[in-house]
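Engineer: Please read through the structure below; I'll follow up with questions.
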Amino acid sequence: MSHNSFKVGTAEPTALGVITPRVEQLANVAVSGVATNDILQYDADTDTWSNTPTVPPSASNTSPIILIGRGESNDYANSGYTTAVGQRVGFYDTAPINTITGATLNVTAGTSWVHSVTLPAGKYVLTAQVYPVFSTSGLWALRWLAGASVYSSLAAVGTALGTYGGASSTLIGQAELTSTTTLWVQVVGSSGLSATQGTAIAENGVLYIRKIS
């Protein structure tokens, strides 16, 4: 009996009967000029698989983002802000991510506390999470602002949410900016918070912005 009586596609066995087919040797596969990162794509009209080039995800071909907050510890007193109404909220990160071309993270001098972001024209999804320390029943209510312009609904964390209609500690908004604009998270309601916040806000606060166009 011939050792190559059985085949897989066009792949023939060795003298020991071992068959090691390559993809292009299968019956309904037509590949050429194969390169790194190519994928197989199926065409139902021809019942054929062929290679198609792809580009792996990278900072240049995915949605640009800003991400601040990795659980690092730092006293909120260093942020330059308090938890009072009208104050901005600081977000702490010694190595924040910023892949939005033209965007600037504005920090309190001599610290890694980001108090605002300056964004170029475009459309954005805005997200922020906070976790303050309370000394008694109360709340901390926040909004995304740029001057007097509001870019989100109100979000609050605490035990007196009924006054503000109820929300969560995650603040989500969107912005369609026609020119370079500085935005921040601002306190719009505050009660029952501890005068000393310690490291809780740094360790649990997160700010995330995604540019969608």
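We label chains A, B, ... in the order they appear in the structure tokens, count residues from 1 in each chain, and number ligands from 1 in the order shown.
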For the contact check between region 40-153 of chain A and region 25-30 of chain A, emit one row per residue of region 40-153 of chain A within 7 Å, containing the shortest atom pair and the distance in Å rounded to one decimal, counting only C-alpha atoms, chain then rising number order, as CSV.
Structural biologist:
```
residue,atom,partner,partner_atom,distance
A:Asp47,CA,A:Asn28,CA,6.6
A:Thr48,CA,A:Asn28,CA,4.9
A:Trp49,CA,A:Val29,CA,4.6
A:Ser50,CA,A:Ala30,CA,5.1
```
Engineer: May I have all residues of region 89-210 of chain A that DSSP, computed from the backbone, assigns to strand (DSSP E or B), given as an NGL selection string?
Structural biologist: :A and (91-92 or 97-98 or 104-107 or 113-119 or 122-129 or 134-146 or 149-150 or 152 or 155-158 or 170-177 or 181-193 or 206-210)
Engineer: From the options A:Thr52, A:Phe134, A:Val89, A:Ser32, which residue's atoms come nearest to Ala195 (chain A), counting only C-alpha atoms?
Structural biologist: A:Phe134
Engineer: Using only C-alpha atoms, find each residue of region 16-87 of chain A with at least one atom at most 9 Å away from an atom of region 167-188 of chain A; report its shortest atom-to-atom pair and that distance in Å (one decimal), sort the rows by chain and rising residue number, and return the result as a Markdown table.
Structural biologist:
```
| residue | atom | partner | partner_atom | distance |
| --- | --- | --- | --- | --- |
| A:Thr83 | CA | A:Val187 | CA | 7.0 |
| A:Ala84 | CA | A:Val187 | CA | 6.7 |
| A:Val85 | CA | A:Val187 | CA | 4.9 |
| A:Gly86 | CA | A:Val187 | CA | 5.4 |
| A:Gln87 | CA | A:Val187 | CA | 5.5 |
```
Engineer: Would you output that residue set with N, CA and C atoms, as a CSV table (one decimal), in the first residue's frame?
Structural biologist:
```
chain,number,residue,atom,x,y,z
A,83,THR,N,-14.6,69.6,50.3
A,83,THR,CA,-15.8,68.9,49.9
A,83,THR,C,-17.0,69.8,49.9
A,84,ALA,N,-16.8,71.1,50.0
A,84,ALA,CA,-17.8,72.1,50.1
A,84,ALA,C,-18.5,72.4,48.7
A,85,VAL,N,-19.7,72.9,48.8
A,85,VAL,CA,-20.4,73.3,47.5
A,85,VAL,C,-19.6,74.4,46.8
A,86,GLY,N,-19.5,74.2,45.5
A,86,GLY,CA,-18.7,75.2,44.7
A,86,GLY,C,-17.3,74.8,44.4
A,87,GLN,N,-16.8,73.8,45.2
A,87,GLN,CA,-15.4,73.3,45.0
A,87,GLN,C,-15.4,72.3,43.8
```
Engineer: List the neighbours of Gly192 (chain A) out to 7 Å using only C-alpha atoms; skip same-chain residues closer than 3 positions along the sequence, and give me the result as a list in words.
Structural biologist: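 My list of contacting residues is Phe134, Ser135, Thr136, Ser137, Gly138 and Leu139 of chain A.
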Engineer: Could you pull the residues within 12 Å of Thr127 (chain A), counting only C-alpha atoms, minus those fewer than 2 positions along the same chain, as a PyMOL selection string?
Structural biologist: chain A and resi 65-69+124-125+129-130+142-144+151-155+169-175+183-185+205-211
Engineer: When you count only C-alpha atoms, which of these residues is closest to Ala109 (chain A): A:Val34, A:Gly80, A:Val55, A:Pro13?
Structural biologist: A:Gly80
Engineer: How far is it from CA of Tyr81 (chain A) to CA of Gly122 (chain A), in Å with one decimal?
Structural biologist: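 Value for the CA of Tyr81 (chain A)-CA of Gly122 (chain A) distance: 28.6 Å.
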Engineer: Would you compute the distance between CA of Thr104 (chain A) and CA of Ala156 (chain A)? Give it in Å to one decimal.
Structural biologist: 26.6 Å
